[in-house]
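Peer 1: I have a structure here, written as structure tokens, and I will follow up with some questions on it.
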Amino acid sequence: MKFIEVTQAGAPEMMRLAQRPVPVAGVGEVLIKVSASGVNRPDVLQRKGLYPAPAGASDILGLEVAGVIESGDFQALSQAGFQVGDRVCALVSGGGYAQWCVAPVAQCLPVPAGLTDIQAASLPETLFTVWSNLVDRGRLVAGESVLIQGGTSGIGVMAIQLAKALGASVLATAGSDEKCAACVALGADAAINYKTHDFQSEVARLTQGQGVDVILDMVAGGYIAKEVLSLREDGRLVIIAVQGGVKGEFDAGVLLRRRLTLTGSTLRVRSVAFKAAIAQACVKQVWPLLISGQIKPVIHRVFDAGDAAQAHALMESNTHIGKIVLNWENS
């Protein structure tokens, strides 16, 4: 099969199409003939040598795919309601940038009716992350408010839509007026250009000084102090990435007085059982919203798989709005 090889850690140009044997599905696994692969920030970090694959995972980049079940553990497939030939999308711990990919059956989801494989490939990593952190850890419910940092990222565009579907009021940050407009078009009640406005001041203004109930943050670092001050009583700060650095100081007295919760998580290293529970929740709660069109995949650009280096360069430029996807159909 063809796959994207990283010849050495470094720039996007270190990636190229190469060949290796097709992987074999084991117990509880399925082999997917991949039509499309989602591109995510962890892929960029892994390419740079900063985020190695977990023990036992494929060394090939890629955390989400869509395609057709070609073979697998018959009993596990049957128990999950799948069969050979079904169109699925799947969350994987690696191996997604390839023409064939092995995935745990429990981390596979049916492609929502009406969606293409390109659209479906943009869903698993983003949706699993948003559900796990916004709903499970952040405990966001109808009537509450949320601030989503990086509203036009792959995570952000899904988080805005899901939060609105849950009945929350949504604020988002983005790095340009164009991106802020995109956040509002996706359902955000207001968007803050963090390059021209202080988000803490704007959150205070937009909430009449009350703050928000939940903040979904992928920056950390120096943002944490301002985020703590932007939470209302019993608020929850959920950190899912540390693009701004791993260290940050904040006023612990505010945390005590307002009874705040600071939490965070990474998904890649969690167990299959943990991810399976998220998959089941998403199929039950989010799939109907995708089928009805209330939540929509947001695809910024599709690249042929052989142009993965260009896809990574685009992601690192931070000019995209929504997801970047690789298409294997022409490779």
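Every chain in the structure tokens has a letter given in the order shown (A, B, ...), and although residue numbers restart at 1 in each chain, ligands are simply numbered from 1 in the order shown.
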If you run DSSP on the backbone here, which positions in segment 77-302 of chain A get strand (DSSP E or B)? Please write them as a PyMOL selection string.
Peer 2: chain A and resi 87-91+98+100-104+108-110+145-148+169-174+190-193+212-217+231-239+261-264+299-302
Peer 1: Would you list the contacts of Val170 of chain A as a VMD selection string, taking every protein, DNA or RNA residue within 6 Å and counting only C-alpha atoms, but skipping same-chain residues closer than 2 positions in sequence?
Peer 2: chain A and resid 145 to 146 188 to 189
Peer 1: What's the 8 Å shell around segment 14-26 of chain A, counting only C-alpha atoms, without same-chain residues fewer than 5 positions away, as a list of chain:residue names?
Peer 2: A:Met1, A:Lys2, A:Phe3, A:Ile4, A:Glu5, A:Val6, A:Thr7, A:Gln8, A:Ala9, A:Leu31, A:Ser71, A:Gly72, A:Asp73, A:Trp100, A:Cys101, A:Val102, A:Ala103, A:Gly306, A:Ala308, A:Ala309
Peer 1: How would the residues just chosen look if you wrote them out with C-alpha atoms as a tab-separated table (two decimals), in the first residue's frame?
Peer 2:
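Generated file (selection35.tsv):
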chain	number	residue	atom	x	y	z
A	1	MET	CA	0.00	0.00	0.00
A	2	LYS	CA	0.97	3.63	-0.33
A	3	PHE	CA	1.41	5.70	2.80
A	4	ILE	CA	2.94	8.98	3.86
A	5	GLU	CA	6.43	8.43	5.19
A	6	VAL	CA	8.30	10.93	7.36
A	7	THR	CA	11.90	10.52	6.20
A	8	GLN	CA	13.22	12.43	9.21
A	9	ALA	CA	11.76	14.75	11.81
A	31	LEU	CA	-9.13	-3.20	8.21
A	71	SER	CA	-11.95	-7.32	6.59
A	72	GLY	CA	-11.66	-7.77	10.33
A	73	ASP	CA	-12.67	-9.65	13.45
A	100	TRP	CA	-5.33	0.86	4.37
A	101	CYS	CA	-5.64	1.38	8.10
A	102	VAL	CA	-6.38	-0.88	11.06
A	103	ALA	CA	-8.81	0.48	13.66
A	306	GLY	CA	0.60	12.84	-2.22
A	308	ALA	CA	0.43	15.95	2.38
A	309	ALA	CA	3.39	18.32	2.75
Peer 1: As JSON, numbers by chain, which residues of segment 155-203 of chain A does DSSP assign to helix (DSSP H, G or I)?
Peer 2: {"A": [155, 156, 157, 158, 159, 160, 161, 162, 163, 164, 165, 177, 178, 179, 180, 181, 182, 183, 184, 185, 199, 200, 201, 202, 203]}
Peer 1: Could you give me, as a short mmCIF file (atom, residue, chain, number, x, y, z; two decimals) with all heavy atoms, in the first residue's frame, the residues within 12 Å of Ile240 of chain A, counting only C-alpha atoms and dropping anything in the same chain fewer than 5 positions from it?
Peer 2:
data_model
loop_
_atom_site.label_atom_id
_atom_site.label_comp_id
_atom_site.auth_asym_id
_atom_site.auth_seq_id
_atom_site.Cartn_x
_atom_site.Cartn_y
_atom_site.Cartn_z
N ARG A 41 -3.54 18.85 14.23
CA ARG A 41 -2.35 19.46 14.82
C ARG A 41 -1.39 18.42 15.41
O ARG A 41 -0.17 18.57 15.27
CB ARG A 41 -2.77 20.47 15.88
CG ARG A 41 -1.65 21.32 16.41
CD ARG A 41 -1.18 22.37 15.43
NE ARG A 41 -2.22 23.27 15.00
CZ ARG A 41 -2.00 24.33 14.21
NH1 ARG A 41 -0.77 24.59 13.78
NH2 ARG A 41 -3.00 25.11 13.84
N PRO A 42 -1.87 17.36 16.08
CA PRO A 42 -0.91 16.35 16.58
C PRO A 42 -0.08 15.71 15.48
O PRO A 42 1.06 15.29 15.73
CB PRO A 42 -1.82 15.33 17.27
CG PRO A 42 -3.02 16.11 17.69
CD PRO A 42 -3.24 17.10 16.58
N THR A 126 -11.79 15.19 15.93
CA THR A 126 -12.35 16.45 16.41
C THR A 126 -13.56 16.21 17.32
O THR A 126 -13.65 16.77 18.41
CB THR A 126 -12.76 17.33 15.22
OG1 THR A 126 -11.60 17.58 14.41
CG2 THR A 126 -13.36 18.63 15.67
N THR A 129 -12.75 14.52 20.68
CA THR A 129 -12.07 15.47 21.56
C THR A 129 -13.06 16.47 22.15
O THR A 129 -13.05 16.74 23.35
CB THR A 129 -10.96 16.21 20.80
OG1 THR A 129 -9.98 15.27 20.35
CG2 THR A 129 -10.27 17.24 21.69
N VAL A 130 -13.91 17.03 21.30
CA VAL A 130 -14.86 18.04 21.76
C VAL A 130 -15.86 17.43 22.74
O VAL A 130 -16.14 18.01 23.80
CB VAL A 130 -15.58 18.69 20.56
CG1 VAL A 130 -16.72 19.58 21.03
CG2 VAL A 130 -14.59 19.52 19.74
N TRP A 131 -16.40 16.27 22.40
CA TRP A 131 -17.38 15.65 23.31
C TRP A 131 -16.75 15.33 24.65
O TRP A 131 -17.30 15.65 25.71
CB TRP A 131 -17.97 14.38 22.68
CG TRP A 131 -19.04 13.80 23.54
CD1 TRP A 131 -18.88 12.90 24.57
CD2 TRP A 131 -20.43 14.11 23.49
NE1 TRP A 131 -20.10 12.63 25.16
CE2 TRP A 131 -21.07 13.36 24.51
CE3 TRP A 131 -21.20 14.93 22.68
CZ2 TRP A 131 -22.44 13.42 24.73
CZ3 TRP A 131 -22.58 14.99 22.89
CH2 TRP A 131 -23.18 14.24 23.91
N SER A 132 -15.57 14.70 24.62
CA SER A 132 -14.92 14.29 25.86
C SER A 132 -14.62 15.47 26.77
O SER A 132 -14.77 15.39 27.99
CB SER A 132 -13.63 13.54 25.54
OG SER A 132 -12.95 13.17 26.72
N ASN A 133 -14.21 16.59 26.18
CA ASN A 133 -13.77 17.72 26.98
C ASN A 133 -14.84 18.77 27.23
O ASN A 133 -14.89 19.34 28.32
CB ASN A 133 -12.55 18.36 26.31
CG ASN A 133 -11.33 17.47 26.41
OD1 ASN A 133 -10.71 17.38 27.46
ND2 ASN A 133 -10.99 16.79 25.33
N LEU A 134 -15.70 19.02 26.27
CA LEU A 134 -16.73 20.02 26.46
C LEU A 134 -17.90 19.47 27.26
O LEU A 134 -18.44 20.14 28.15
CB LEU A 134 -17.23 20.52 25.10
CG LEU A 134 -17.91 21.89 25.04
CD1 LEU A 134 -16.96 22.98 25.50
CD2 LEU A 134 -18.40 22.17 23.63
N ARG A 137 -15.94 16.39 30.53
CA ARG A 137 -15.11 17.06 31.52
C ARG A 137 -15.64 18.47 31.84
O ARG A 137 -15.63 18.89 33.00
CB ARG A 137 -13.65 17.15 31.05
CG ARG A 137 -13.03 15.79 30.79
CD ARG A 137 -11.53 15.87 30.58
NE ARG A 137 -10.84 16.08 31.85
CZ ARG A 137 -10.53 15.11 32.70
NH1 ARG A 137 -10.87 13.85 32.43
NH2 ARG A 137 -9.89 15.37 33.81
N GLY A 138 -16.06 19.21 30.82
CA GLY A 138 -16.55 20.57 31.05
C GLY A 138 -17.96 20.64 31.57
O GLY A 138 -18.39 21.68 32.08
N ILE A 148 -14.78 29.51 23.55
CA ILE A 148 -13.99 28.55 22.78
C ILE A 148 -12.81 29.29 22.17
O ILE A 148 -12.99 30.17 21.31
CB ILE A 148 -14.86 27.89 21.69
CG1 ILE A 148 -15.99 27.09 22.34
CG2 ILE A 148 -14.01 27.00 20.79
CD1 ILE A 148 -17.07 26.69 21.40
N GLN A 149 -11.63 28.98 22.66
CA GLN A 149 -10.42 29.58 22.10
C GLN A 149 -10.10 28.90 20.77
O GLN A 149 -10.21 27.70 20.62
CB GLN A 149 -9.24 29.41 23.07
CG GLN A 149 -9.47 29.97 24.46
CD GLN A 149 -9.31 31.48 24.53
OE1 GLN A 149 -9.46 32.19 23.53
NE2 GLN A 149 -9.03 31.99 25.72
N GLY A 150 -9.71 29.71 19.79
CA GLY A 150 -9.39 29.14 18.48
C GLY A 150 -10.62 28.64 17.76
O GLY A 150 -10.70 27.48 17.35
N ILE A 155 -11.02 21.84 15.86
CA ILE A 155 -11.72 21.67 17.13
C ILE A 155 -12.75 22.77 17.30
O ILE A 155 -13.90 22.52 17.69
CB ILE A 155 -10.71 21.70 18.30
CG1 ILE A 155 -9.76 20.52 18.23
CG2 ILE A 155 -11.45 21.75 19.64
CD1 ILE A 155 -10.38 19.18 18.52
N GLY A 156 -12.36 23.98 17.02
CA GLY A 156 -13.23 25.13 17.26
C GLY A 156 -14.53 25.11 16.49
O GLY A 156 -15.60 25.38 17.05
N ILE A 215 -14.61 27.24 29.70
CA ILE A 215 -13.66 27.68 28.67
C ILE A 215 -12.97 26.44 28.11
O ILE A 215 -12.46 25.61 28.87
CB ILE A 215 -12.60 28.65 29.24
CG1 ILE A 215 -13.27 29.93 29.76
CG2 ILE A 215 -11.57 29.00 28.17
CD1 ILE A 215 -12.30 30.90 30.42
N LEU A 216 -12.97 26.31 26.79
CA LEU A 216 -12.25 25.24 26.11
C LEU A 216 -10.99 25.87 25.52
O LEU A 216 -11.07 26.71 24.63
CB LEU A 216 -13.11 24.62 25.01
CG LEU A 216 -12.52 23.40 24.31
CD1 LEU A 216 -12.37 22.22 25.27
CD2 LEU A 216 -13.37 22.99 23.10
N ASP A 217 -9.84 25.46 26.04
CA ASP A 217 -8.58 26.15 25.73
C ASP A 217 -7.56 25.21 25.12
O ASP A 217 -7.32 24.12 25.64
CB ASP A 217 -8.01 26.77 27.00
CG ASP A 217 -6.65 27.42 26.77
OD1 ASP A 217 -6.44 27.97 25.68
OD2 ASP A 217 -5.81 27.37 27.69
N MET A 218 -6.94 25.63 24.02
CA MET A 218 -5.86 24.87 23.41
C MET A 218 -4.56 25.65 23.40
O MET A 218 -3.62 25.30 22.70
CB MET A 218 -6.25 24.47 21.98
CG MET A 218 -6.62 25.62 21.08
SD MET A 218 -7.43 25.07 19.55
CE MET A 218 -9.07 24.67 20.15
N VAL A 219 -4.50 26.73 24.21
CA VAL A 219 -3.33 27.60 24.23
C VAL A 219 -2.52 27.40 25.51
O VAL A 219 -1.31 27.19 25.49
CB VAL A 219 -3.74 29.08 24.09
CG1 VAL A 219 -2.49 29.96 24.06
CG2 VAL A 219 -4.56 29.29 22.82
N ALA A 220 -3.18 27.48 26.66
CA ALA A 220 -2.53 27.39 27.98
C ALA A 220 -1.51 28.51 28.14
O ALA A 220 -1.76 29.63 27.70
CB ALA A 220 -1.92 26.01 28.18
N VAL A 246 3.61 25.24 28.41
CA VAL A 246 3.11 24.31 29.43
C VAL A 246 3.02 24.95 30.81
O VAL A 246 2.46 24.36 31.73
CB VAL A 246 4.00 23.05 29.52
CG1 VAL A 246 3.98 22.30 28.20
CG2 VAL A 246 5.44 23.41 29.89
N LEU A 262 -10.12 23.50 37.28
CA LEU A 262 -9.16 23.49 36.19
C LEU A 262 -8.85 22.04 35.86
O LEU A 262 -8.43 21.27 36.72
CB LEU A 262 -7.86 24.22 36.59
CG LEU A 262 -7.82 25.73 36.37
CD1 LEU A 262 -8.85 26.42 37.24
CD2 LEU A 262 -6.43 26.29 36.65
N THR A 263 -9.06 21.66 34.61
CA THR A 263 -8.85 20.27 34.21
C THR A 263 -8.32 20.25 32.79
O THR A 263 -8.16 21.28 32.14
CB THR A 263 -10.17 19.47 34.32
OG1 THR A 263 -9.92 18.09 34.03
CG2 THR A 263 -11.23 20.00 33.35
N GLY A 264 -8.01 19.08 32.32
CA GLY A 264 -7.50 18.93 30.97
C GLY A 264 -7.34 17.46 30.63
O GLY A 264 -7.45 16.59 31.51
N SER A 265 -7.10 17.18 29.38
CA SER A 265 -6.93 15.78 28.99
C SER A 265 -6.29 15.68 27.61
O SER A 265 -6.30 16.64 26.83
CB SER A 265 -8.28 15.06 28.96
OG SER A 265 -9.05 15.48 27.85
N THR A 266 -5.70 14.53 27.35
CA THR A 266 -5.31 14.13 26.01
C THR A 266 -6.04 12.84 25.70
O THR A 266 -6.31 12.03 26.59
CB THR A 266 -3.79 13.91 25.88
OG1 THR A 266 -3.39 12.90 26.82
CG2 THR A 266 -3.03 15.19 26.17
N LEU A 267 -6.35 12.63 24.45
CA LEU A 267 -7.20 11.50 24.05
C LEU A 267 -6.42 10.32 23.51
O LEU A 267 -6.79 9.16 23.72
CB LEU A 267 -8.20 11.98 23.00
CG LEU A 267 -9.24 10.99 22.50
CD1 LEU A 267 -10.12 10.50 23.63
CD2 LEU A 267 -10.08 11.62 21.39
N ARG A 268 -5.31 10.58 22.84
CA ARG A 268 -4.64 9.55 22.06
C ARG A 268 -4.23 8.33 22.88
O ARG A 268 -4.30 7.20 22.39
CB ARG A 268 -3.42 10.16 21.37
CG ARG A 268 -2.80 9.29 20.29
CD ARG A 268 -1.66 10.02 19.60
NE ARG A 268 -1.15 9.28 18.47
CZ ARG A 268 -0.11 9.68 17.73
NH1 ARG A 268 0.49 10.82 18.01
NH2 ARG A 268 0.31 8.95 16.72
#
Peer 1: Set out as JSON lines a contact list for segment 70-162 of chain A and segment 282-297 of chain A with a cut-off of 9 Å, giving each residue of segment 70-162 of chain A that qualifies its closest atom pair and distance in Å to one decimal, counting only C-alpha atoms, ordered by chain and rising residue number.
Peer 2:
{"residue": "A:Leu109", "atom": "CA", "partner": "A:Val283", "partner_atom": "CA", "distance": 7.2}
{"residue": "A:Pro110", "atom": "CA", "partner": "A:Val283", "partner_atom": "CA", "distance": 8.4}
{"residue": "A:Pro112", "atom": "CA", "partner": "A:Ile291", "partner_atom": "CA", "distance": 5.9}
{"residue": "A:Ala113", "atom": "CA", "partner": "A:Ile291", "partner_atom": "CA", "distance": 5.8}
{"residue": "A:Gly114", "atom": "CA", "partner": "A:Ile291", "partner_atom": "CA", "distance": 6.7}
{"residue": "A:Leu115", "atom": "CA", "partner": "A:Ile291", "partner_atom": "CA", "distance": 8.0}
{"residue": "A:Gln119", "atom": "CA", "partner": "A:Pro297", "partner_atom": "CA", "distance": 5.9}
{"residue": "A:Ala120", "atom": "CA", "partner": "A:Pro297", "partner_atom": "CA", "distance": 7.7}
{"residue": "A:Ser122", "atom": "CA", "partner": "A:Pro297", "partner_atom": "CA", "distance": 6.8}
{"residue": "A:Leu123", "atom": "CA", "partner": "A:Pro297", "partner_atom": "CA", "distance": 7.1}
{"residue": "A:Leu127", "atom": "CA", "partner": "A:Cys282", "partner_atom": "CA", "distance": 7.8}
{"residue": "A:Phe128", "atom": "CA", "partner": "A:Cys282", "partner_atom": "CA", "distance": 7.6}
{"residue": "A:Trp131", "atom": "CA", "partner": "A:Cys282", "partner_atom": "CA", "distance": 7.5}
{"residue": "A:Val157", "atom": "CA", "partner": "A:Pro297", "partner_atom": "CA", "distance": 8.4}
{"residue": "A:Met158", "atom": "CA", "partner": "A:Pro297", "partner_atom": "CA", "distance": 7.6}
{"residue": "A:Gln161", "atom": "CA", "partner": "A:Ile295", "partner_atom": "CA", "distance": 5.9}
{"residue": "A:Leu162", "atom": "CA", "partner": "A:Ile295", "partner_atom": "CA", "distance": 7.1}
Peer 1: Mind giving me the straight-line distance from atom CA of Ala36 of chain A to atom CA of Glu329 of chain A in Å, one decimal?
Peer 2: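 Interatomic distance here is 7.6 Å.
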